[in-house]
Amino acid sequence: MIHIFDGAMGTMLHQAGLAPGECPEAWNIAHPEKITKIHRQYIEAGATIIETNTFGGNRIKLAHYGLEQKTVAINAAAVAAARQAAGTHAQLAGSVGPTGKFIAPLGDLTFDTAYDVFFEQISALDQAGIDFIIIETIIDMQEMRAALLAAKAATRKPIICQLSFDADGRTVTGTDPRTAAITLEAMGATIIGANCSLGPAQLLPVIATLAQSSSLAISVQPNAGMPELINGHTVFPMKAGEMAAWIPKLVAAGATFIGGCCGTTPAHIKAIRQAVDNLSTPVSHRPHTACTALTSRTRTLYLGPRFAPVIIGERINPTGRKALAKDIKEGNLITVKKEALAQIKAGAGILDVNMGVPGINQAATMKQVIEELSVLVDAPLAIDTTDPAALEAGLRAYPGRALINSVTAEAERLESFLPLAKKYGATVLCLPLSDGGVPTTAAERIKVAKQIIDVAVEHGLNRQDLLLDALVMTVATDARAAAETLLTLKLYREHFGCPAVMGLSNVSFGLPRRDLMNASFCAMALASGLDAPILNPFDPLMQDIWSAASALSGHDSQAIAYSRKYVEQPAPPVTVSNTPPDLLMQIRQTVINGETTGVAPLIRQALAENYPPLTITDQALTAAMNEVGLAFGQGRCFLPQVLLSAETMRIAFNTIKEVLPAHTTQSLGTVLLATVKGDIHDLGKNIVAALMENNGFTVIDLGKDVAPAAIVAATKEYRPHIIGLCALMTTTLPQVDITINALKAAGFTVKTIVGGAVLTESYALQAGADAYAANGVAAVNIAKQLLGSSN
Amino acid sequence: MPIYHPRLTTIDLDETKRYAGLSGKTDFSATLLSDACTQAQLLATPRGVWQVYAYDQDSHTIMSPSPLILTAEAIIRHLQGAAEVAIMAATIGISLEQEVSNLFSKNQYTLGLLLDAAGTTAVEMTCNAVCYVISGQAARSGLTAGRRFSPGYGGWPIIVQPEILQLASGAAIDLSVTDTKMLVPRKSVTAIIGLYPYHQTLNLHHEQVLSCDKCGQPGCHARKETTTE
């Protein structure tokens with residue numbers, strides 16, 4: 001059966017005389033008869049569900065009009081006005097729109113505030129007698145989650161969740177229809193769909209994807225085409241007949257709740273009604289195969305025998321990692337974030353997050369980490385904790401369908417964790433441990449796993465919500481340990497069909513070459529039915545095994561990824577001779593190449609072979625920097641390479657000083673550098689300082705935003721041979737003139753070089769500078785020329 | 001006053017290369033570049049804020065509570081045909097630039113330079129993400145968002161920075177401006193985006209950034225080699 005919603009309320013209100021800037025929802029109290037009349041027009045046009053005039057009826061939106069104290073009254077009045085029109089002819093959907101703010105960490109609204117705001121409005125709608133709640137035009141999954149959770153708490157009536165998608169098929173904050181469908185179905189939405197932003201043509205693929213990804217009924221309320229602003233008015237160009245022509249396609253794509261959004265009128269709804277009545281084929285039941293899937297805000301990851309195995313990165317876990325535990329305890333999450341990015345880079349598809357540090361507020365920390373990781377990585381997260389408060393804090397903060405790691409058969413864990421999984425739409429890793437201890441045989445594990453599954457189902461979870469852990473015990477203490485785990489994997493697949501997950505490294509505890517043992521076990525487990533191992537993705541042997549196993553198990557088509565990985569590896573360098581013909585040349589080339597780790601051994605070798613330090617400096621290091629400078633000037637190499645050479649040269653100098661402490665290189669002269677007053681950009685000056693220092697000058701760096709008086713005072717103190725001034729912005733250019741004049745007024749004849757992004761040669765001359773340097777390399781060359789030491 | 005903290009799940013490596021002055025170079029260490037991008041991701045706190053105002057074409061006036069009359073030809077031309085303007089401010093915070101200074105003080109010049117370039121990329125990506133939201137909101141009213149244009153861009157004097165920052169409500173994301181009109185933190189941007197009625201915008205490509213050939217700094221090491229309109 002197809003249900004017909006009404007069309008746009010805003011369009012009708014403006015036609016009825018709502019003034020620009022006036023609160024639409026205020027009319028529920030001020031002009032209820034006009035609201036009722038609009039509803040009646042839609043019902044007469046054929047709508048079977050009408051939406052209350054409460055789209056902006058939440059406390060945050062109403063506060064724009066100073067009406068937040070009337071939230072309950074406005075929503076109740078809206079329901080009364082709608083009921084007046086509907087009687088028993090149509091059902092009422094209580095409309096709940098967005099707050100207009102982004103929820104943290106994407107914005108400044110807290111999740112709990114959003115939840116409270118939605119709860120207040122939805123409770124009011126529920127108590128006033130609506131038949132459905134429709135949460136609509138939501139552009140961010142976390143706001144939809146807050147509203148849906150609030151709706152589930154406030155009412156037992158059906159909840160329709162409609163997101164708004166952009167032309168690229170994603171919501172503004174990046175959620176695609178498949179991810180939305182999986183997340184919202186798991187959380188307990190009754191109907192899911194899309195509305196606003198797009199017309200029927202653009203929404204068609206969105207609806208098709210929603211329908212393919214979910215077993216729920218699908219709703220759609222397109223705009224009357226894409227809006228245009230004409231003569232100061234927003235116009236929706238699609239006529240009723242044209243819109244109705246899309247209805248058979250939307251129904252074929254899976255929609256059974258159909259209506260209109262912006263720009264649609266009773267005429268559109270009437271045409272839609274007729275199109276539905278004229279449908280030649282009855283609506284058929286959609287085939288849908290439920291799969292186990294995790295989601296992040298922007299991505300879906302399927303797990304199970306039909307899909308490629310996925311690595312769960314285990315490294316965000318302070319157990320046995322003192323430095324990480326210390327950082328977490330001190331609230332420094334940089335290490336955690338670094339681990340996350342590195343694991344993703346190394347191939348992890350899911351990140352396990354464990355904040356089990358004694359003495360911290362684990363719930364608060366888990367919330368913070370989940371929030372920060374949710375904006376840093378696209379991979380779904382597994383929340384690894386034994387603390388129900390930490391679990392709920394993590395699940396609440398997570399804008400997707402997480403994995404709970406893990407639930408045992410212990411009564412306390414079952415009773416505290418499973419309701420949270422159901423409430424937040426998470427998947428659950430079932431760990432076959434019971435009050436009786438660790439089951440040693442596969443048969444015993446199957447029995448315990450079944451106990452957990454049965455209780456999970458009693459709590460409303462489905463098979464696709466569950467993953468099974470096969471339990472890994474130590475082979476060094478039990479010869480059958482690995483074999484029983486492998487058998488468990490086979491039996492899991494045979495009996496339950498749920499994806500299998502397990503941590504691998506326990507198997508090798510106490511043995512040498514644990515990496516070899518772990519990797520071998522991983523390969524065997526993958527063949528026995530393991531879908532997602534929890535492992536260290538940085539282990540090179542594991543990575544090799546993983547690549548090979550993916551190809552061998554048919555998940556790497558034609559072994560393309562495998563081939564690419566190993567064919568493209570650079571061949572190890574071939575050493576022709578242990579004694580290169582010219583050591584100085586080799587050092588020179590090392591500096592040119594910027595090989596920071598390679599230069600020190602060569603310098604040590606050269607000194608051991610009695611090359612004089614001055615010869616090394618002149619013929620290898622300085623010669624190299626000259627060549628790099630030349631190449632830079634000719635556009636053959638670039639600034640980062642010049643800096644890398646400078647770094648290499650510094651290491652070389654330091655090595656000479658370290659081996660021969662008495663040795664000092666003679667300074668070419670003292671250069672005083674400053675970025676002028678008012679200019680806070682000092683990267684360019686820092687680059688000049690780096691190059692000057694590594695070309696033999698003594699550098700006095702005064703920093704940025706330096707007043708002329710300070711430069712004059714420093715000149716008096718250090719008596720530099722050259723002063724380098726940097727100005728980056730048009731607004732700070734005059735400070736170059738002022739500073740040079742101040743130096744001259746103080747009686748200094750010291751040479752000045754000026755440079756900076758907007759500074760030109762002609763400006764430098766008119767400012768009275770001795771030279772203009774276009775870049776750091778030029779500055780070094782000019783300095784050498786000015787001091788007569790050009791070589 | 002919408003506030004948006006965009007997600008930065010990646011930093012564009014090619015753009016970082018370009019801002020580091022390496023656009024023409026293919027054999028520079030990919031590891032160094034990748035490390036800089038990762039570090040930028042860790043250090044950046046992307047945030048954006050904006051306000052939308054009506055724009056009077058005839059008097060070139062942004063109809064804010066204290067109307068701002070635009071006088072520079074460049075921005076007037078850029079906003080030709082706009083019915084409204086969105087004024088935005090975006091930043092990645094101060095941590096990254098502090099780390100760049102720190103790296104230079106530890107003589108890690110190359111990573112410092114690359115991190116600075118990755119930071120510039122991050123700010124640009126933040127701006128693009130904010131523009132995406134602005135563009136989507138404008139589309140709901142039948143308006144098309146044009147390209148963003150910042151104080152200091154070709155011919156629009158940076159002197160207007162304080163007014164633009166205020167119109168964007170930049171203080172809400174902790175942005176301020178110095179006496180010399182520079183934004184603090186440095187890795188920040190203010191910009192104006194014209195919102196054009198449909199019939200005005202058939203030839204607009206708002207997703208493109210201002211092309212390098214419109215800029216008066218031909219010596220810039222980040223200059224794009226080719227431009228398209």
# chains A, B, ... in the order shown; residues from 1 in each chain; ligands from 1
>>> select_by_dssp(residues="region 30-184 of chain B", states="strand (DSSP E)", output="PyMOL selection string")
chain B and resi 47-56+61-62+68-69+84-91+143-149+176-177+183-184
>>> interface_residues(of="chain B", to="chain A", cutoff="6 Å", atoms="only C-alpha atoms", output="compact mmCIF listing (two decimals) with all heavy atoms, in the first residue's frame")
# COMPACT_ATOMS: atom_id res chain seq x y z
N ILE B 3 28.10 27.93 12.88
CA ILE B 3 29.49 27.55 13.14
C ILE B 3 29.66 26.11 12.69
O ILE B 3 28.84 25.25 12.99
CB ILE B 3 29.83 27.66 14.64
CG1 ILE B 3 29.81 29.14 15.06
CG2 ILE B 3 31.16 27.04 14.96
CD1 ILE B 3 30.15 29.38 16.50
N TYR B 4 30.71 25.88 11.94
CA TYR B 4 30.94 24.54 11.40
C TYR B 4 32.41 24.19 11.55
O TYR B 4 33.28 24.99 11.19
CB TYR B 4 30.52 24.52 9.93
CG TYR B 4 30.65 23.18 9.25
CD1 TYR B 4 30.29 22.00 9.88
CD2 TYR B 4 31.11 23.10 7.93
CE1 TYR B 4 30.38 20.78 9.24
CE2 TYR B 4 31.20 21.87 7.28
CZ TYR B 4 30.84 20.73 7.94
OH TYR B 4 30.94 19.50 7.30
N HIS B 5 32.65 23.01 12.10
CA HIS B 5 34.02 22.51 12.23
C HIS B 5 34.16 21.34 11.27
O HIS B 5 33.82 20.21 11.62
CB HIS B 5 34.28 22.04 13.67
CG HIS B 5 33.99 23.07 14.71
ND1 HIS B 5 33.90 22.78 16.05
CD2 HIS B 5 33.78 24.41 14.61
CE1 HIS B 5 33.65 23.89 16.72
NE2 HIS B 5 33.56 24.87 15.88
N ARG B 7 35.32 18.21 8.96
CA ARG B 7 36.21 17.07 9.19
C ARG B 7 37.37 17.14 8.21
O ARG B 7 37.17 17.49 7.05
CB ARG B 7 35.44 15.76 8.95
CG ARG B 7 34.20 15.65 9.80
CD ARG B 7 33.22 14.64 9.25
NE ARG B 7 33.76 13.31 9.29
CZ ARG B 7 34.00 12.57 8.22
NH1 ARG B 7 33.73 13.03 7.03
NH2 ARG B 7 34.49 11.35 8.34
N LEU B 8 38.56 16.80 8.68
CA LEU B 8 39.72 16.73 7.79
C LEU B 8 40.25 15.31 7.87
O LEU B 8 41.16 15.02 8.64
CB LEU B 8 40.80 17.71 8.25
CG LEU B 8 40.79 19.13 7.72
CD1 LEU B 8 42.02 19.88 8.19
CD2 LEU B 8 40.69 19.20 6.21
N THR B 9 39.67 14.43 7.09
CA THR B 9 40.11 13.04 7.16
C THR B 9 41.29 12.79 6.24
O THR B 9 41.82 11.69 6.18
CB THR B 9 38.97 12.08 6.79
OG1 THR B 9 38.47 12.43 5.51
CG2 THR B 9 37.85 12.15 7.81
N TYR B 109 64.21 22.15 9.05
CA TYR B 109 63.66 23.15 8.14
C TYR B 109 62.68 22.54 7.13
O TYR B 109 61.65 23.12 6.83
CB TYR B 109 64.78 23.83 7.35
CG TYR B 109 66.01 24.16 8.15
CD1 TYR B 109 67.27 23.72 7.75
CD2 TYR B 109 65.91 24.92 9.31
CE1 TYR B 109 68.40 24.03 8.48
CE2 TYR B 109 67.05 25.23 10.05
CZ TYR B 109 68.28 24.77 9.62
OH TYR B 109 69.40 25.08 10.34
N THR B 110 63.06 21.42 6.61
CA THR B 110 62.26 20.87 5.52
C THR B 110 60.88 20.47 6.01
O THR B 110 59.87 20.83 5.40
CB THR B 110 62.96 19.63 4.90
OG1 THR B 110 64.35 19.91 4.82
CG2 THR B 110 62.42 19.33 3.53
N ARG B 140 19.08 26.04 -1.61
CA ARG B 140 17.71 25.84 -1.12
C ARG B 140 16.86 27.09 -1.35
O ARG B 140 15.64 27.02 -1.33
CB ARG B 140 17.74 25.49 0.38
CG ARG B 140 18.24 24.10 0.64
CD ARG B 140 18.35 23.83 2.14
NE ARG B 140 18.76 22.47 2.40
CZ ARG B 140 20.00 22.02 2.32
NH1 ARG B 140 20.96 22.84 2.03
NH2 ARG B 140 20.28 20.75 2.56
N SER B 141 17.53 28.22 -1.50
CA SER B 141 16.78 29.45 -1.78
C SER B 141 16.84 29.82 -3.26
O SER B 141 16.50 30.93 -3.65
CB SER B 141 17.36 30.62 -0.98
OG SER B 141 17.51 30.27 0.35
N GLY B 142 17.35 28.90 -4.06
CA GLY B 142 17.41 29.17 -5.49
C GLY B 142 18.61 30.00 -5.90
O GLY B 142 18.64 30.58 -6.98
N THR B 180 47.98 45.66 11.59
CA THR B 180 48.40 45.64 10.19
C THR B 180 47.51 44.73 9.35
O THR B 180 47.90 44.28 8.29
CB THR B 180 49.86 45.21 10.07
OG1 THR B 180 50.07 44.06 10.89
CG2 THR B 180 50.79 46.31 10.50
N PRO B 197 21.33 34.73 -8.27
CA PRO B 197 20.12 34.09 -8.79
C PRO B 197 20.48 33.20 -9.98
O PRO B 197 21.45 33.46 -10.69
CB PRO B 197 19.26 35.27 -9.24
CG PRO B 197 19.83 36.45 -8.56
CD PRO B 197 21.28 36.17 -8.36
N TYR B 198 19.67 32.18 -10.18
CA TYR B 198 19.96 31.16 -11.19
C TYR B 198 20.30 31.76 -12.55
O TYR B 198 21.28 31.40 -13.18
CB TYR B 198 18.75 30.24 -11.30
CG TYR B 198 18.86 29.21 -12.39
CD1 TYR B 198 19.70 28.11 -12.23
CD2 TYR B 198 18.13 29.33 -13.56
CE1 TYR B 198 19.80 27.16 -13.22
CE2 TYR B 198 18.24 28.38 -14.55
CZ TYR B 198 19.07 27.29 -14.39
OH TYR B 198 19.17 26.37 -15.37
>>> select_by_dssp(residues="region 71-180 of chain A", states="alpha helix (DSSP H)", output="PyMOL selection string")
chain A and resi 71-86+111-128+141-154+177-180
>>> write_last_selection(atoms="C-alpha atoms", output="tab-separated table (two decimals), in the first residue's frame")
chain	number	residue	atom	x	y	z
A	71	THR	CA	7.38	25.33	22.64
A	72	VAL	CA	4.89	22.92	24.16
A	73	ALA	CA	1.88	25.16	23.49
A	74	ILE	CA	2.87	25.79	19.86
A	75	ASN	CA	3.33	22.09	19.15
A	76	ALA	CA	0.10	21.14	20.90
A	77	ALA	CA	-1.79	23.82	18.97
A	78	ALA	CA	-0.36	22.52	15.72
A	79	VAL	CA	-1.61	19.01	16.44
A	80	ALA	CA	-5.05	20.35	17.37
A	81	ALA	CA	-5.27	22.35	14.13
A	82	ALA	CA	-4.22	19.33	12.09
A	83	ARG	CA	-6.60	17.00	13.89
A	84	GLN	CA	-9.41	19.46	13.24
A	85	ALA	CA	-8.81	18.97	9.52
A	86	ALA	CA	-8.00	15.28	9.50
A	111	PHE	CA	24.63	16.18	21.67
A	112	ASP	CA	22.83	16.17	25.01
A	113	THR	CA	21.37	19.64	24.44
A	114	ALA	CA	20.15	18.60	21.00
A	115	TYR	CA	18.63	15.47	22.54
A	116	ASP	CA	16.83	17.53	25.20
A	117	VAL	CA	15.52	20.00	22.63
A	118	PHE	CA	14.15	17.21	20.44
A	119	PHE	CA	12.77	15.32	23.44
A	120	GLU	CA	10.81	18.38	24.54
A	121	GLN	CA	9.24	18.91	21.13
A	122	ILE	CA	8.54	15.25	20.39
A	123	SER	CA	7.00	14.70	23.82
A	124	ALA	CA	4.69	17.64	23.19
A	125	LEU	CA	3.67	16.28	19.80
A	126	ASP	CA	3.16	12.80	21.21
A	127	GLN	CA	1.02	13.95	24.09
A	128	ALA	CA	-1.06	16.09	21.77
A	141	MET	CA	23.77	12.00	10.96
A	142	GLN	CA	24.60	13.00	14.51
A	143	GLU	CA	21.65	15.39	14.65
A	144	MET	CA	19.41	12.64	13.26
A	145	ARG	CA	20.73	10.26	15.91
A	146	ALA	CA	19.96	12.77	18.67
A	147	ALA	CA	16.44	13.26	17.33
A	148	LEU	CA	15.81	9.55	16.83
A	149	LEU	CA	17.05	8.68	20.32
A	150	ALA	CA	14.85	11.42	21.75
A	151	ALA	CA	11.87	10.15	19.73
A	152	LYS	CA	12.39	6.58	20.94
A	153	ALA	CA	12.42	7.86	24.51
A	154	ALA	CA	9.43	10.16	24.07
A	177	PRO	CA	22.21	6.81	1.58
A	178	ARG	CA	23.50	3.29	2.23
A	179	THR	CA	25.29	4.32	5.40
A	180	ALA	CA	22.22	6.27	6.52
>>> residues_around(residues="Arg186 (chain B)", least_positions_apart="3", cutoff="12 Å", atoms="only C-alpha atoms", output="ChimeraX atom specification")
/A:679-683 /B:90-98,100,116,119-120,123,174-178,181-183,189-190
>>> write_last_selection(atoms="N, CA, C and O atoms", output="mmCIF file, in the first residue's frame")
data_model
loop_
_atom_site.group_PDB
_atom_site.id
_atom_site.type_symbol
_atom_site.label_atom_id
_atom_site.label_comp_id
_atom_site.auth_asym_id
_atom_site.auth_seq_id
_atom_site.Cartn_x
_atom_site.Cartn_y
_atom_site.Cartn_z
ATOM 1 N N ASP A 679 54.329 42.596 11.204
ATOM 2 C CA ASP A 679 54.256 41.402 10.348
ATOM 3 C C ASP A 679 54.478 40.159 11.185
ATOM 4 O O ASP A 679 55.539 40.008 11.805
ATOM 5 N N ILE A 680 53.476 39.294 11.199
ATOM 6 C CA ILE A 680 53.566 38.109 12.055
ATOM 7 C C ILE A 680 53.881 36.844 11.275
ATOM 8 O O ILE A 680 53.908 35.754 11.816
ATOM 9 N N HIS A 681 54.096 37.002 9.974
ATOM 10 C CA HIS A 681 54.475 35.841 9.155
ATOM 11 C C HIS A 681 55.994 35.766 9.110
ATOM 12 O O HIS A 681 56.627 36.656 8.573
ATOM 13 N N ASP A 682 56.596 34.743 9.644
ATOM 14 C CA ASP A 682 58.064 34.733 9.630
ATOM 15 C C ASP A 682 58.658 33.473 9.034
ATOM 16 O O ASP A 682 59.830 33.191 9.233
ATOM 17 N N LEU A 683 57.862 32.734 8.256
ATOM 18 C CA LEU A 683 58.415 31.536 7.640
ATOM 19 C C LEU A 683 59.558 31.881 6.690
ATOM 20 O O LEU A 683 60.616 31.253 6.702
ATOM 21 N N ALA B 90 37.490 31.330 8.377
ATOM 22 C CA ALA B 90 37.874 29.943 8.664
ATOM 23 C C ALA B 90 39.300 29.905 9.183
ATOM 24 O O ALA B 90 40.112 30.777 8.857
ATOM 25 N N THR B 91 39.570 28.899 9.967
ATOM 26 C CA THR B 91 40.915 28.771 10.542
ATOM 27 C C THR B 91 41.209 27.313 10.855
ATOM 28 O O THR B 91 40.283 26.491 10.932
ATOM 29 N N ILE B 92 42.487 27.007 11.012
ATOM 30 C CA ILE B 92 42.851 25.681 11.542
ATOM 31 C C ILE B 92 43.502 25.822 12.911
ATOM 32 O O ILE B 92 44.104 24.892 13.416
ATOM 33 N N GLY B 93 43.401 26.997 13.506
ATOM 34 C CA GLY B 93 43.942 27.180 14.848
ATOM 35 C C GLY B 93 45.422 27.506 14.837
ATOM 36 O O GLY B 93 46.035 27.681 13.785
ATOM 37 N N ILE B 94 45.988 27.548 16.020
ATOM 38 C CA ILE B 94 47.347 28.084 16.161
ATOM 39 C C ILE B 94 48.407 26.990 16.341
ATOM 40 O O ILE B 94 49.597 27.225 16.160
ATOM 41 N N SER B 95 47.961 25.768 16.659
ATOM 42 C CA SER B 95 48.936 24.717 17.008
ATOM 43 C C SER B 95 49.906 24.426 15.871
ATOM 44 O O SER B 95 51.097 24.228 16.089
ATOM 45 N N LEU B 96 49.388 24.400 14.647
ATOM 46 C CA LEU B 96 50.250 24.031 13.523
ATOM 47 C C LEU B 96 51.349 25.072 13.313
ATOM 48 O O LEU B 96 52.514 24.726 13.129
ATOM 49 N N GLU B 97 50.982 26.341 13.378
ATOM 50 C CA GLU B 97 52.023 27.348 13.124
ATOM 51 C C GLU B 97 53.046 27.368 14.259
ATOM 52 O O GLU B 97 54.219 27.647 14.026
ATOM 53 N N GLN B 98 52.598 27.036 15.472
ATOM 54 C CA GLN B 98 53.564 26.936 16.578
ATOM 55 C C GLN B 98 54.544 25.800 16.325
ATOM 56 O O GLN B 98 55.736 25.913 16.575
ATOM 57 N N VAL B 100 55.430 24.669 13.407
ATOM 58 C CA VAL B 100 56.339 25.058 12.322
ATOM 59 C C VAL B 100 57.514 25.843 12.916
ATOM 60 O O VAL B 100 58.683 25.573 12.606
ATOM 61 N N ASP B 116 54.136 23.723 7.012
ATOM 62 C CA ASP B 116 53.493 25.006 6.732
ATOM 63 C C ASP B 116 52.640 24.894 5.466
ATOM 64 O O ASP B 116 51.505 25.378 5.420
ATOM 65 N N GLY B 119 49.613 22.978 6.165
ATOM 66 C CA GLY B 119 48.683 23.832 6.912
ATOM 67 C C GLY B 119 47.896 24.735 5.981
ATOM 68 O O GLY B 119 46.687 24.932 6.154
ATOM 69 N N THR B 120 48.585 25.274 4.989
ATOM 70 C CA THR B 120 47.886 26.104 4.002
ATOM 71 C C THR B 120 46.838 25.263 3.265
ATOM 72 O O THR B 120 45.703 25.700 3.043
ATOM 73 N N VAL B 123 43.875 24.801 5.542
ATOM 74 C CA VAL B 123 43.001 25.987 5.604
ATOM 75 C C VAL B 123 42.132 26.057 4.352
ATOM 76 O O VAL B 123 40.923 26.326 4.428
ATOM 77 N N ASP B 174 37.378 32.503 17.502
ATOM 78 C CA ASP B 174 38.610 33.011 18.120
ATOM 79 C C ASP B 174 39.574 33.643 17.125
ATOM 80 O O ASP B 174 40.795 33.563 17.302
ATOM 81 N N LEU B 175 39.043 34.258 16.096
ATOM 82 C CA LEU B 175 39.906 34.968 15.156
ATOM 83 C C LEU B 175 39.967 36.440 15.544
ATOM 84 O O LEU B 175 38.977 37.017 15.995
ATOM 85 N N SER B 176 41.126 37.018 15.348
ATOM 86 C CA SER B 176 41.256 38.460 15.548
ATOM 87 C C SER B 176 42.141 38.998 14.432
ATOM 88 O O SER B 176 42.684 38.232 13.627
ATOM 89 N N VAL B 177 42.246 40.319 14.391
ATOM 90 C CA VAL B 177 43.034 40.925 13.327
ATOM 91 C C VAL B 177 44.007 41.920 13.962
ATOM 92 O O VAL B 177 43.670 42.613 14.926
ATOM 93 N N THR B 178 45.222 41.952 13.438
ATOM 94 C CA THR B 178 46.241 42.847 14.006
ATOM 95 C C THR B 178 46.056 44.262 13.445
ATOM 96 O O THR B 178 45.275 44.470 12.514
ATOM 97 N N LYS B 181 46.316 44.462 9.878
ATOM 98 C CA LYS B 181 45.243 43.763 9.147
ATOM 99 C C LYS B 181 45.524 42.290 8.890
ATOM 100 O O LYS B 181 45.013 41.700 7.941
ATOM 101 N N MET B 182 46.375 41.711 9.697
ATOM 102 C CA MET B 182 46.639 40.278 9.532
ATOM 103 C C MET B 182 45.782 39.477 10.489
ATOM 104 O O MET B 182 45.544 39.900 11.623
ATOM 105 N N LEU B 183 45.390 38.301 10.011
ATOM 106 C CA LEU B 183 44.548 37.457 10.837
ATOM 107 C C LEU B 183 45.392 36.683 11.838
ATOM 108 O O LEU B 183 46.488 36.223 11.532
ATOM 109 N N VAL B 189 41.523 32.459 7.134
ATOM 110 C CA VAL B 189 41.070 33.120 5.900
ATOM 111 C C VAL B 189 39.738 33.800 6.183
ATOM 112 O O VAL B 189 38.899 33.249 6.891
ATOM 113 N N THR B 190 39.559 34.993 5.627
ATOM 114 C CA THR B 190 38.201 35.530 5.531
ATOM 115 C C THR B 190 37.883 35.635 4.040
ATOM 116 O O THR B 190 38.794 35.763 3.225
#
>>> residues_around(residues="Arg77 (chain B)", least_positions_apart="3", cutoff="12 Å", atoms="only C-alpha atoms", output="MDAnalysis selection string")
chainID B and resid 57 60 70:74 80:82 149 154:156 194
>>> residues_around(residues="region 661-675 of chain A", least_positions_apart="5", cutoff="6 Å", atoms="only C-alpha atoms", output="ChimeraX atom specification")
/A:696-705,720-727
>>> write_last_selection(atoms="C-alpha atoms", output="compact mmCIF listing (two decimals), in the first residue's frame")
# COMPACT_ATOMS: atom_id res chain seq x y z
CA GLY A 696 78.69 29.83 7.19
CA PHE A 697 77.16 33.06 8.49
CA THR A 698 76.56 33.81 12.15
CA VAL A 699 72.88 34.63 12.43
CA ILE A 700 71.20 36.82 15.04
CA ASP A 701 67.49 36.18 14.55
CA LEU A 702 65.30 38.81 16.22
CA GLY A 703 62.10 37.03 15.19
CA LYS A 704 58.89 38.58 13.90
CA ASP A 705 56.97 41.78 14.58
CA PRO A 720 76.30 42.82 12.36
CA HIS A 721 77.85 42.97 8.90
CA ILE A 722 74.46 42.70 7.25
CA ILE A 723 70.88 43.32 8.29
CA GLY A 724 68.13 41.34 6.60
CA LEU A 725 64.60 42.70 6.83
CA CYS A 726 61.51 40.80 5.82
CA ALA A 727 58.02 42.18 5.14
>>> residues_around(residues="region 741-745 of chain A", least_positions_apart="3", cutoff="6 Å", atoms="only C-alpha atoms", output="list of chain:residue names")
A:Val712, A:Ile738, A:Phe748
>>> residues_around(residues="Ser213 (chain A)", least_positions_apart="5", cutoff="8 Å", atoms="only C-alpha atoms", output="ChimeraX atom specification")
/A:178,181-182,288
>>> write_last_selection(atoms="N, CA, C and O atoms", output="mmCIF file, in the first residue's frame")
data_model
loop_
_atom_site.group_PDB
_atom_site.id
_atom_site.type_symbol
_atom_site.label_atom_id
_atom_site.label_comp_id
_atom_site.auth_asym_id
_atom_site.auth_seq_id
_atom_site.Cartn_x
_atom_site.Cartn_y
_atom_site.Cartn_z
ATOM 1 N N ARG A 178 23.322 4.649 1.700
ATOM 2 C CA ARG A 178 23.502 3.286 2.226
ATOM 3 C C ARG A 178 23.889 3.333 3.705
ATOM 4 O O ARG A 178 23.332 2.604 4.540
ATOM 5 N N ALA A 181 20.934 4.370 5.756
ATOM 6 C CA ALA A 181 19.927 3.311 5.883
ATOM 7 C C ALA A 181 20.341 2.303 6.949
ATOM 8 O O ALA A 181 19.537 1.932 7.824
ATOM 9 N N ILE A 182 21.593 1.880 6.901
ATOM 10 C CA ILE A 182 22.067 0.855 7.842
ATOM 11 C C ILE A 182 22.080 1.402 9.271
ATOM 12 O O ILE A 182 21.629 0.741 10.210
ATOM 13 N N HIS A 288 15.442 -8.185 0.173
ATOM 14 C CA HIS A 288 16.552 -7.534 0.881
ATOM 15 C C HIS A 288 17.307 -8.589 1.679
ATOM 16 O O HIS A 288 16.732 -9.321 2.471
#
>>> closest_residue(among="B:Glu84, B:Glu163, B:Glu124, B:Asp58", to="Ala145 (chain B)", atoms="only C-alpha atoms")
B:Glu84
